[in-house]
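**Student:** See final.cif below, with mmCIF, C-alpha atoms and all ligand atoms.
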data_query
loop_
_atom_site.label_atom_id
_atom_site.label_comp_id
_atom_site.auth_asym_id
_atom_site.auth_seq_id
_atom_site.Cartn_x
_atom_site.Cartn_y
_atom_site.Cartn_z
CA ILE A 1 -195.26 99.47 -12.95
CA ASN A 2 -191.82 98.76 -11.50
CA ASP A 3 -190.51 98.16 -15.02
CA ALA A 4 -192.42 100.89 -16.76
CA LEU A 5 -192.24 103.68 -14.21
CA SER A 6 -189.52 102.77 -11.67
CA HIS A 7 -189.35 100.97 -8.35
CA GLU A 8 -189.88 104.18 -6.48
CA ILE A 9 -193.29 104.67 -8.09
CA GLY A 10 -193.99 100.96 -7.51
CA ASP A 11 -193.24 101.34 -3.80
CA ARG A 12 -195.42 104.39 -3.48
CA LEU A 13 -198.22 102.58 -5.27
CA LEU A 14 -198.03 99.75 -2.72
CA VAL A 15 -198.32 102.27 0.11
CA GLN A 16 -201.36 103.82 -1.55
CA VAL A 17 -202.96 100.41 -2.11
CA GLY A 18 -202.47 99.64 1.57
CA GLU A 19 -204.01 102.97 2.46
CA ARG A 20 -207.03 102.39 0.24
CA LEU A 21 -207.50 98.89 1.65
CA ARG A 22 -207.45 100.30 5.15
CA GLN A 23 -210.23 102.72 4.24
CA LEU A 24 -212.33 100.03 2.56
CA ALA A 25 -211.85 97.28 5.15
CA PRO A 26 -214.33 96.85 8.01
CA GLU A 27 -213.44 97.31 11.64
CA PRO A 28 -212.07 95.19 13.23
CA ALA A 29 -209.92 93.40 10.64
CA LEU A 30 -206.29 92.49 10.39
CA LEU A 31 -204.74 93.91 7.23
CA ALA A 32 -201.28 92.84 6.11
CA ARG A 33 -199.05 92.97 3.10
CA THR A 34 -197.88 89.41 2.76
CA GLY A 35 -195.33 89.88 0.00
CA GLY A 36 -194.87 91.33 -3.47
CA ASP A 37 -198.19 92.70 -4.54
CA GLU A 38 -200.25 90.52 -2.21
CA PHE A 39 -202.32 91.78 0.68
CA MET A 40 -204.33 89.78 3.15
CA LEU A 41 -207.37 90.62 5.26
CA LEU A 42 -208.24 88.45 8.21
CA LEU A 43 -211.87 88.76 9.34
CA GLU A 44 -213.18 87.21 12.50
CA HIS A 45 -216.77 86.12 13.06
CA SER A 46 -217.62 86.62 9.43
CA ASP A 47 -219.16 84.18 6.98
CA ALA A 48 -218.51 83.47 3.29
CA GLN A 49 -221.41 85.66 2.21
CA GLN A 50 -220.12 88.68 4.13
CA ALA A 51 -216.63 88.07 2.80
CA GLY A 52 -218.03 87.94 -0.74
CA GLN A 53 -219.81 91.24 -0.25
CA LEU A 54 -216.66 92.81 1.10
CA ALA A 55 -214.74 91.54 -1.93
CA GLU A 56 -217.23 93.27 -4.24
CA HIS A 57 -216.86 96.43 -2.22
CA LEU A 58 -213.05 96.22 -2.56
CA ILE A 59 -213.15 95.68 -6.32
CA GLU A 60 -215.45 98.68 -6.71
CA GLY A 61 -213.22 100.68 -4.41
CA PHE A 62 -210.25 100.07 -6.67
CA GLN A 63 -211.95 101.29 -9.82
CA PRO A 64 -210.75 104.88 -9.53
CA PRO A 65 -207.06 104.99 -10.50
CA ILE A 66 -204.39 105.75 -7.93
CA ARG A 67 -202.57 109.01 -8.57
CA ILE A 68 -198.83 109.23 -8.08
CA ASN A 69 -197.18 112.41 -9.31
CA GLN A 70 -198.30 112.81 -12.90
CA TYR A 71 -199.20 109.11 -13.26
CA GLU A 72 -202.60 107.47 -12.96
CA CYS A 73 -202.16 103.83 -12.00
CA PHE A 74 -205.02 101.40 -12.57
CA VAL A 75 -205.10 98.52 -10.11
CA SER A 76 -207.21 95.45 -10.82
CA PRO A 77 -207.35 93.26 -7.73
CA SER A 78 -207.85 89.50 -7.82
CA ILE A 79 -209.40 88.21 -4.62
CA GLY A 80 -209.35 84.72 -3.14
CA ILE A 81 -211.52 83.80 -0.15
CA ALA A 82 -211.20 80.89 2.22
CA SER A 83 -212.76 80.34 5.61
CA SER A 84 -212.00 78.21 8.59
CA ASP A 85 -214.15 76.89 11.41
CA GLY A 86 -211.08 76.91 13.58
CA ARG A 87 -210.41 73.20 13.31
CA GLY A 88 -207.87 73.18 10.45
CA SER A 89 -204.37 74.57 10.80
CA ALA A 90 -203.39 78.10 9.87
CA SER A 91 -201.07 76.93 7.11
CA GLU A 92 -203.92 74.92 5.60
CA LEU A 93 -206.06 78.05 5.52
CA LEU A 94 -203.24 79.98 3.87
CA LYS A 95 -202.87 77.27 1.24
CA GLN A 96 -206.57 77.34 0.53
CA VAL A 97 -206.73 81.10 0.15
CA ASP A 98 -203.73 80.91 -2.19
CA LEU A 99 -205.51 78.40 -4.42
CA ALA A 100 -208.60 80.63 -4.49
CA LEU A 101 -206.40 83.61 -5.38
CA TYR A 102 -204.76 81.76 -8.28
CA ALA A 103 -208.19 80.70 -9.52
CA ALA A 104 -209.24 84.37 -9.50
CA LYS A 105 -206.12 85.33 -11.46
CA ASP A 106 -206.75 82.53 -13.94
CA ALA A 107 -210.31 83.70 -14.37
CA GLY A 108 -208.98 86.96 -15.75
CA ARG A 109 -208.36 89.18 -12.71
CA ASN A 110 -210.54 91.86 -11.20
CA CYS A 111 -212.75 89.16 -9.72
CA THR A 112 -213.27 86.94 -6.71
CA ARG A 113 -213.05 83.18 -6.21
CA PHE A 114 -213.90 81.08 -3.18
CA PHE A 115 -211.86 78.10 -2.11
CA SER A 116 -213.65 74.80 -2.77
CA GLN A 117 -212.89 71.10 -2.65
CA GLU A 118 -212.90 71.09 -6.48
CA LEU A 119 -210.12 73.68 -6.50
CA SER A 120 -208.13 71.53 -4.16
CA ALA A 121 -208.78 68.40 -6.25
CA ALA A 122 -207.76 70.26 -9.42
CA ALA A 123 -204.52 71.38 -7.75
CA GLU A 124 -203.84 67.82 -6.73
CA ARG A 125 -204.46 66.52 -10.27
CA ARG A 126 -202.14 69.18 -11.56
CA ARG A 127 -199.42 68.16 -9.10
CA GLN A 128 -199.75 64.53 -10.15
CA LEU A 129 -199.63 65.48 -13.82
CA GLU A 130 -196.42 67.40 -13.23
CA GLN A 131 -194.92 64.42 -11.46
CA ALA A 132 -195.99 62.08 -14.26
CA LEU A 133 -194.37 64.42 -16.78
CA ARG A 134 -191.09 64.40 -14.87
CA ARG A 135 -191.20 60.63 -15.09
CA ALA A 136 -192.10 60.83 -18.79
CA LEU A 137 -188.90 62.78 -19.43
CA ASP A 138 -186.75 60.40 -17.39
CA GLU A 139 -188.26 57.29 -18.89
CA GLU A 140 -188.48 58.59 -22.46
CA GLN A 141 -192.25 58.33 -22.77
CA PHE A 142 -192.31 61.19 -25.25
CA VAL A 143 -192.47 60.52 -28.98
CA LEU A 144 -192.30 62.76 -32.00
CA HIS A 145 -194.78 62.68 -34.82
CA TYR A 146 -193.96 64.36 -38.10
CA GLN A 147 -196.23 66.38 -40.35
CA ALA A 148 -195.20 67.12 -43.92
CA GLN A 149 -194.95 70.56 -45.51
CA VAL A 150 -195.23 70.07 -49.25
CA ASN A 151 -194.20 72.23 -52.20
CA ALA A 152 -196.44 73.21 -55.12
CA ALA A 153 -195.80 69.82 -56.72
CA GLY A 154 -197.03 68.09 -53.56
CA GLU A 155 -193.58 66.79 -52.56
CA PRO A 156 -192.64 66.92 -48.88
CA GLU A 157 -189.68 69.19 -48.13
CA VAL A 158 -189.95 69.84 -44.43
CA MET A 159 -191.35 67.61 -41.68
CA GLU A 160 -192.59 69.43 -38.57
CA ALA A 161 -191.82 67.56 -35.35
CA LEU A 162 -194.89 67.50 -33.09
CA LEU A 163 -194.59 66.19 -29.57
CA ARG A 164 -196.81 63.45 -28.13
CA TRP A 165 -196.77 61.88 -24.72
CA ASN A 166 -197.13 58.12 -24.80
CA SER A 167 -198.34 57.75 -21.24
CA PRO A 168 -198.73 54.25 -19.77
CA GLU A 169 -201.87 55.42 -17.91
CA ARG A 170 -203.37 57.92 -20.31
CA GLY A 171 -202.44 56.69 -23.78
CA LEU A 172 -201.22 59.06 -26.49
CA VAL A 173 -201.70 62.57 -25.09
CA PRO A 174 -201.76 65.61 -27.46
CA PRO A 175 -199.41 68.51 -26.65
CA GLY A 176 -202.16 70.99 -25.85
CA GLU A 177 -202.86 69.00 -22.70
CA PHE A 178 -199.37 68.89 -21.27
CA ILE A 179 -197.19 71.60 -22.79
CA PRO A 180 -198.71 74.30 -20.54
CA VAL A 181 -197.76 72.16 -17.52
CA LEU A 182 -194.24 71.66 -18.87
CA GLU A 183 -194.02 75.42 -19.30
CA ASP A 184 -195.30 76.29 -15.83
CA SER A 185 -192.97 73.83 -14.18
CA GLY A 186 -189.87 74.76 -16.17
CA LEU A 187 -189.65 71.20 -17.54
CA ILE A 188 -190.12 72.59 -21.05
CA ILE A 189 -186.45 73.51 -21.29
CA GLU A 190 -185.30 69.94 -20.88
CA THR A 191 -188.13 68.74 -23.13
CA THR A 192 -187.12 71.08 -25.94
CA ARG A 193 -183.57 69.75 -25.73
CA TRP A 194 -184.90 66.21 -25.99
CA VAL A 195 -187.11 67.11 -28.99
CA PHE A 196 -184.24 68.87 -30.74
CA ARG A 197 -181.88 65.94 -30.19
CA GLN A 198 -184.41 63.42 -31.52
CA ALA A 199 -185.05 65.68 -34.51
CA CYS A 200 -181.31 65.80 -35.23
CA ARG A 201 -181.11 62.01 -35.18
CA GLN A 202 -184.18 61.57 -37.39
CA ALA A 203 -183.01 64.21 -39.85
CA ARG A 204 -179.66 62.48 -40.19
CA GLN A 205 -181.29 59.11 -40.61
CA TRP A 206 -183.56 60.35 -43.38
CA ARG A 207 -180.61 62.02 -45.06
CA GLU A 208 -178.61 58.81 -44.88
CA GLN A 209 -181.53 56.97 -46.47
CA GLY A 210 -181.42 59.45 -49.33
CA HIS A 211 -184.43 61.62 -48.47
CA ARG A 212 -184.16 65.36 -48.92
CA LEU A 213 -186.04 66.48 -45.83
CA ARG A 214 -185.53 69.09 -43.17
CA ILE A 215 -187.13 68.86 -39.73
CA ALA A 216 -188.84 71.84 -38.12
CA VAL A 217 -188.77 72.04 -34.32
CA ASN A 218 -191.17 74.19 -32.29
CA LEU A 219 -189.75 76.41 -29.57
CA SER A 220 -191.74 77.53 -26.55
CA PRO A 221 -191.69 81.15 -25.40
CA LEU A 222 -190.37 79.79 -22.11
CA ASP A 223 -187.29 78.40 -23.86
CA PHE A 224 -186.10 81.96 -24.32
CA ARG A 225 -186.00 82.48 -20.55
CA GLN A 226 -182.94 80.29 -20.15
CA ALA A 227 -179.59 81.98 -20.22
CA ASP A 228 -178.19 80.25 -23.27
CA LEU A 229 -180.80 78.72 -25.57
CA ALA A 230 -178.64 79.20 -28.66
CA GLY A 231 -175.58 77.64 -27.02
CA SER A 232 -177.58 74.65 -25.82
CA LEU A 233 -179.15 73.93 -29.25
CA LEU A 234 -175.88 74.39 -31.10
CA ALA A 235 -174.14 72.04 -28.67
CA ILE A 236 -176.74 69.36 -29.44
CA LEU A 237 -176.22 69.85 -33.20
CA ALA A 238 -172.51 69.30 -32.70
CA GLU A 239 -172.96 66.31 -30.38
CA GLU A 240 -175.31 64.67 -32.86
CA ASP A 241 -173.03 65.57 -35.74
CA THR A 242 -175.98 66.99 -37.69
CA PRO A 243 -175.63 69.82 -40.25
CA ALA A 244 -177.75 72.85 -39.23
CA GLU A 245 -179.28 72.92 -42.71
CA LEU A 246 -181.24 69.76 -41.87
CA LEU A 247 -183.23 71.59 -39.21
CA GLU A 248 -185.28 74.70 -38.77
CA LEU A 249 -186.98 76.44 -35.86
CA GLU A 250 -190.58 77.60 -35.48
CA ILE A 251 -191.09 80.45 -33.06
CA THR A 252 -194.50 81.78 -32.04
CA GLU A 253 -195.15 85.45 -31.68
CA SER A 254 -195.75 85.12 -27.97
CA ALA A 255 -192.07 84.18 -27.61
CA LEU A 256 -191.18 87.62 -28.87
CA LEU A 257 -193.64 89.53 -26.75
CA GLU A 258 -190.98 90.31 -24.21
CA ALA A 259 -188.62 90.80 -27.09
CA ASP A 260 -185.45 92.30 -25.76
CA GLU A 261 -181.78 92.34 -26.53
CA HIS A 262 -181.40 88.78 -25.25
CA VAL A 263 -184.02 87.31 -27.62
CA GLN A 264 -182.55 89.29 -30.49
CA GLN A 265 -179.06 87.94 -29.82
CA THR A 266 -180.32 84.38 -29.44
CA LEU A 267 -182.13 84.47 -32.78
CA THR A 268 -179.23 86.13 -34.56
CA ARG A 269 -176.85 83.51 -33.28
CA LEU A 270 -179.08 80.58 -34.27
CA LYS A 271 -179.56 82.01 -37.72
CA ALA A 272 -175.84 82.65 -38.15
CA ALA A 273 -175.24 79.00 -37.33
CA GLY A 274 -177.40 78.08 -40.33
CA LEU A 275 -180.76 77.34 -38.71
CA PRO A 276 -183.67 78.84 -40.67
CA LEU A 277 -186.17 80.69 -38.43
CA LEU A 278 -189.91 80.70 -39.09
CA LEU A 279 -192.50 82.88 -37.41
CA ASP A 280 -195.29 80.46 -36.40
CA ASP A 281 -199.02 81.25 -36.22
CA PHE A 282 -198.40 84.40 -38.23
CA GLY A 283 -201.12 87.00 -37.93
CA THR A 284 -202.52 85.95 -34.57
CA GLY A 285 -200.16 87.98 -32.39
CA TYR A 286 -200.12 91.60 -31.38
CA ALA A 287 -197.33 92.90 -33.52
CA SER A 288 -196.60 90.47 -36.33
CA LEU A 289 -195.17 93.10 -38.63
CA THR A 290 -192.93 94.61 -35.98
CA TYR A 291 -191.40 91.21 -35.37
CA LEU A 292 -190.64 90.75 -39.07
CA GLN A 293 -188.96 94.12 -39.07
CA ARG A 294 -186.96 93.52 -35.93
CA PHE A 295 -185.93 89.85 -36.11
CA PRO A 296 -184.04 87.91 -38.77
CA PHE A 297 -186.84 85.57 -39.88
CA ASP A 298 -186.51 83.45 -43.01
CA GLY A 299 -190.18 82.72 -43.35
CA ILE A 300 -193.66 82.77 -41.86
CA LYS A 301 -196.38 80.21 -41.28
CA ILE A 302 -199.83 81.62 -42.00
CA ASP A 303 -202.07 80.55 -39.16
CA ARG A 304 -204.81 78.10 -40.03
CA GLU A 305 -207.42 80.58 -38.84
CA PHE A 306 -206.82 82.48 -42.12
CA VAL A 307 -206.59 79.37 -44.29
CA ALA A 308 -209.88 78.02 -42.89
CA GLY A 309 -211.92 80.73 -44.65
CA LEU A 310 -210.41 80.11 -48.10
CA PRO A 311 -211.63 80.53 -50.78
CA ASP A 312 -215.17 81.68 -49.82
CA SER A 313 -214.56 84.35 -47.19
CA GLU A 314 -213.62 87.64 -48.84
CA HIS A 315 -211.77 88.64 -45.70
CA SER A 316 -209.61 85.53 -45.63
CA VAL A 317 -208.90 85.85 -49.35
CA ALA A 318 -207.79 89.46 -48.95
CA LEU A 319 -205.66 88.73 -45.89
CA VAL A 320 -203.93 85.68 -47.33
CA ARG A 321 -203.24 87.44 -50.66
CA GLY A 322 -201.90 90.42 -48.75
CA ILE A 323 -199.64 88.26 -46.60
CA LEU A 324 -198.31 86.41 -49.66
CA THR A 325 -197.57 89.64 -51.51
CA MET A 326 -195.86 91.18 -48.52
CA ALA A 327 -193.78 88.04 -47.91
CA ALA A 328 -192.72 87.95 -51.58
CA HIS A 329 -191.53 91.56 -51.36
CA LEU A 330 -189.62 90.82 -48.18
CA GLY A 331 -188.10 87.68 -49.66
CA LEU A 332 -189.71 85.49 -46.98
CA HIS A 333 -190.66 81.86 -47.38
CA VAL A 334 -194.33 81.11 -46.63
CA VAL A 335 -196.01 77.99 -45.30
CA ALA A 336 -199.82 77.88 -45.14
CA GLU A 337 -200.98 75.84 -42.16
CA GLY A 338 -204.15 73.82 -41.73
CA VAL A 339 -204.90 73.13 -45.39
CA GLU A 340 -207.80 70.71 -45.15
CA ASN A 341 -209.22 70.44 -48.67
CA GLU A 342 -208.39 70.77 -52.34
CA ARG A 343 -210.25 74.09 -52.75
CA GLN A 344 -207.99 75.71 -50.16
CA ALA A 345 -204.94 74.07 -51.69
CA ALA A 346 -205.88 75.21 -55.21
CA PHE A 347 -206.34 78.81 -54.05
CA LEU A 348 -202.99 78.82 -52.30
CA ARG A 349 -201.12 77.29 -55.24
CA LEU A 350 -202.77 79.76 -57.62
CA ASN A 351 -201.53 82.59 -55.42
CA ASN A 352 -198.03 81.18 -55.40
CA CYS A 353 -197.87 80.04 -51.83
CA PRO A 354 -194.64 78.03 -51.89
CA SER A 355 -195.39 75.57 -49.12
CA LEU A 356 -198.54 73.89 -47.78
CA GLN A 357 -199.26 71.89 -44.67
CA GLY A 358 -202.41 70.30 -43.34
CA TYR A 359 -204.60 67.24 -43.06
CA HIS A 360 -205.29 67.45 -46.80
CA TYR A 361 -201.72 66.30 -47.38
CA ALA A 362 -200.79 64.41 -44.25
CA ARG A 363 -201.60 64.14 -40.59
CA PRO A 364 -198.76 64.08 -38.09
CA LEU A 365 -197.43 60.50 -38.01
CA ALA A 366 -194.64 58.53 -36.39
CA ALA A 367 -191.49 58.49 -38.53
CA ARG A 368 -192.04 54.88 -39.56
CA GLU A 369 -195.63 55.58 -40.63
CA CYS A 370 -194.50 58.52 -42.76
CA LEU A 371 -192.57 56.04 -44.89
CA LEU A 372 -195.06 53.17 -44.78
CA GLY A 373 -198.06 55.42 -45.39
CA GLY A 374 -196.40 56.97 -48.42
CA VAL A 375 -196.12 60.53 -47.02
CA ILE A 376 -192.41 60.26 -47.72
CA PRO A 377 -191.85 58.67 -51.14
CA PRO A 378 -189.92 55.36 -51.01
CA THR A 379 -186.24 54.94 -51.95
CA PRO A 380 -185.80 58.48 -53.19
CA ALA A 381 -182.10 57.86 -53.66
CA LEU A 382 -183.01 55.92 -56.77
CA LEU A 383 -185.20 58.74 -58.03
CA LEU A 384 -182.60 61.47 -57.64
CA PRO A 385 -180.17 62.15 -60.45
CA LEU A 386 -176.81 60.75 -59.45
CA ASP A 387 -175.05 64.11 -59.70
CA GLY A 388 -177.39 65.13 -56.86
P1 LIG A 401 -198.55 74.28 -34.09
O1 LIG A 401 -197.07 74.43 -34.07
O2 LIG A 401 -199.35 75.39 -34.72
O3 LIG A 401 -198.82 72.88 -34.79
C1 LIG A 401 -199.85 72.61 -35.67
C2 LIG A 401 -201.00 71.90 -34.99
O4 LIG A 401 -202.09 71.89 -35.90
C3 LIG A 401 -200.69 70.43 -34.71
O5 LIG A 401 -201.43 70.06 -33.54
C4 LIG A 401 -201.28 69.72 -35.91
O6 LIG A 401 -201.68 68.41 -35.65
C5 LIG A 401 -202.50 70.58 -36.19
N1 LIG A 401 -202.88 70.52 -37.60
C6 LIG A 401 -202.09 70.25 -38.65
N2 LIG A 401 -202.78 70.27 -39.79
C7 LIG A 401 -204.04 70.56 -39.47
C8 LIG A 401 -205.24 70.72 -40.24
O7 LIG A 401 -205.28 70.58 -41.48
N3 LIG A 401 -206.38 71.01 -39.57
C9 LIG A 401 -206.39 71.15 -38.20
N4 LIG A 401 -207.55 71.45 -37.62
N5 LIG A 401 -205.29 71.02 -37.46
C10 LIG A 401 -204.11 70.72 -38.08
P2 LIG A 401 -200.69 69.40 -32.32
O8 LIG A 401 -199.73 68.39 -32.81
O9 LIG A 401 -201.76 68.98 -31.37
O10 LIG A 401 -199.86 70.58 -31.71
C11 LIG A 401 -200.47 71.68 -31.10
C12 LIG A 401 -199.47 72.72 -30.67
O11 LIG A 401 -198.62 72.19 -29.64
C13 LIG A 401 -198.51 73.12 -31.78
O12 LIG A 401 -199.13 74.05 -32.60
C14 LIG A 401 -197.35 73.69 -30.99
O13 LIG A 401 -197.63 75.02 -30.61
C15 LIG A 401 -197.36 72.82 -29.75
N6 LIG A 401 -196.29 71.83 -29.88
C16 LIG A 401 -196.32 70.61 -30.47
N7 LIG A 401 -195.12 69.99 -30.35
C17 LIG A 401 -194.30 70.85 -29.70
C18 LIG A 401 -192.92 70.80 -29.27
O14 LIG A 401 -192.18 69.87 -29.52
N8 LIG A 401 -192.45 71.88 -28.59
C19 LIG A 401 -193.22 72.97 -28.32
N9 LIG A 401 -192.69 73.98 -27.64
N10 LIG A 401 -194.51 73.06 -28.71
C20 LIG A 401 -195.04 72.01 -29.39
CA CA A 402 -195.49 74.92 -35.38
CA CA A 403 -198.78 76.98 -36.13
#
Let me see the structure of the file written as structure tokens.
**Tutor:**
Amino acid sequence: INDALSHEIGDRLLVQVGERLRQLAPEPALLARTGGDEFMLLLEHSDAQQAGQLAEHLIEGFQPPIRINQYECFVSPSIGIASSDGRGSASELLKQVDLALYAAKDAGRNCTRFFSQELSAAAERRRQLEQALRRALDEEQFVLHYQAQVNAAGEPEVMEALLRWNSPERGLVPPGEFIPVLEDSGLIIETTRWVFRQACRQARQWREQGHRLRIAVNLSPLDFRQADLAGSLLAILAEEDTPAELLELEITESALLEADEHVQQTLTRLKAAGLPLLLDDFGTGYASLTYLQRFPFDGIKIDREFVAGLPDSEHSVALVRGILTMAAHLGLHVVAEGVENERQAAFLRLNNCPSLQGYHYARPLAARECLLGGVIPPTPALLLPLDG
């Protein structure tokens, strides 16, 4: 509301929220605004059940919008509840109610959560995971696996770098389990730099061995929050003495959600430096087409959700054909993700999809395995015509 309508309206909304809380709260209770958009109610001689009932009453009470001038503001409270028998400290109680509040927000807002020992244990696990990830970065426990994107002839042209955590305690951990923690803790920025640097080195090594392969690196939406993403990636390219044409960047739609001038400039600069940009998970976002119009993408990756239904689902067939036609008209490269069988592959080739990726061709593998397992053909230098 601050951003959309102005701080003045935001301030007046806070006053109104306070006013409404005062009307809804029982007597006696201590009501406070504890910062930002957080309010706290302290109830004495009340048990968890009563507090739960009050929370329901509050959520109902906030259903009617709050009117400010010509605006109707809808407020959806998230409520955390913790209680004390008077033995613990005040700061402990505050910590507990905070955890309950975050759990309510995580659960999708407009709801109530009680503090519990499980919540506290989960927070502790999370803290330890974050610490372990800091160590992983320092001690280089991360590794990259590479998954091929092949052309219509089945030859690999691009290898997508996919991050794994080789944890001494947990084994090889997939990114879905730790990237959200890296993002929440801000560690993702340093991790992306590490991934990009490794990708530069691997790309150069493959080139020196005579392979014609580019490496695609995934960017997190959080990477765009730093002041100078483009400058930092371009510095790494220079330090590693790697031509930009050996790399490309995959950007998910959620990175562009807050698309502003800054994101636009970052992408324009990276592209101008010679890094191809691909829109990842195409079709799953809110405004896929807007992004293609607004940003300088070179290609799209059709999300595997659409590929999964090929060739039997009429819907998937229509959508994928439509996407391919549109991309051809716009001059965009297309990669189909998640190709798992020959029927899907045949459909995509028949419809002129230029690039395919999925378990049907190769799983993500360590660089060495890509060569040993035959994903990357051996000694290609000998296969290439000498005039290159
Ligand atoms: P993504 O970029 O969409 O990557 C593709 C994911 O789909 C990979 O999972 C890959 O193993 C999986 N996949 C590939 N082919 C198939 C298939 O035929 N069938 C099925 N069912 N799955 C397939 P992975 O490696 O677990 O990565 C998951 C996500 O984690 C990635 O999704 C990406 O968003 C993120 N990620 C991975 N590495 C990085 C990284 O270095 N940086 C950032 N920011 N994100 C990364
Ligand atoms: Ca990707
Ligand atoms: Ca994807």
**Student:** Where does chain A meet ligand CA 403 (chain A) within 10 Å, residue by residue, with the nearest atom pair and distance in Å to one decimal for each, counting all atoms listed in the file, listed by chain and rising number, as CSV?
**Tutor:**
residue,atom,partner,partner_atom,distance
A:Asn218,CA,A:CA403,CA,9.0
A:Glu250,CA,A:CA403,CA,8.2
A:Ile251,CA,A:CA403,CA,9.0
A:Thr252,CA,A:CA403,CA,7.6
A:Leu279,CA,A:CA403,CA,8.7
A:Asp280,CA,A:CA403,CA,4.9
A:Asp281,CA,A:CA403,CA,4.3
A:Phe282,CA,A:CA403,CA,7.7
A:Thr284,CA,A:CA403,CA,9.8
A:Ile300,CA,A:CA403,CA,9.6
A:Lys301,CA,A:CA403,CA,6.5
A:Ile302,CA,A:CA403,CA,7.6
A:Asp303,CA,A:CA403,CA,5.7
A:Arg304,CA,A:CA403,CA,7.3
A:Glu305,CA,A:CA403,CA,9.7
A:Val335,CA,A:CA403,CA,9.6
A:Ala336,CA,A:CA403,CA,9.1
A:Glu337,CA,A:CA403,CA,6.5
A:Gly338,CA,A:CA403,CA,8.4
A:Gln357,CA,A:CA403,CA,10.0
**Student:** Looking at all atoms listed in the file, which of A:Pro243, A:Pro175, A:Gly309, A:Gly154 is the one that sits closest to ligand CA 402 (chain A)?
**Tutor:**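 Under the stated criterion, the closest residue is A:Pro175.
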**Student:** Calculated over all atoms listed in the file, which of the candidates A:Glu140, A:Glu369, A:Glu340, A:Asp260 has the smallest distance to A:Val195?
**Tutor:**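 Between A:Glu140, A:Glu369, A:Glu340, A:Asp260, the residue approaching A:Val195 most closely is A:Glu140.
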**Student:** Of the residues A:His329, A:Arg164, A:Arg212, A:Arg170, which is the one nearest to ligand LIG 401 (chain A), using all atoms listed in the file?
**Tutor:** A:Arg164
**Student:** Env of A:Asn151: 8 Å cut, atoms = all atoms listed in the file, seq-sep filter 6 positions within chain, self excluded. Answer as a list in words.
**Tutor:**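 Residues meeting the cut-off are Glu157, Pro354, Ser355 and Leu356 of chain A.
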**Student:** Write out as a list of chain:residue names the residues lying within 9 Å of A:Gly274, counting all atoms listed in the file and excluding same-chain residues fewer than 4 positions away.
**Tutor:**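 Everything that qualifies: A:Pro243, A:Ala244, A:Glu245, A:Leu247, A:Glu248, A:Arg269, A:Leu270.
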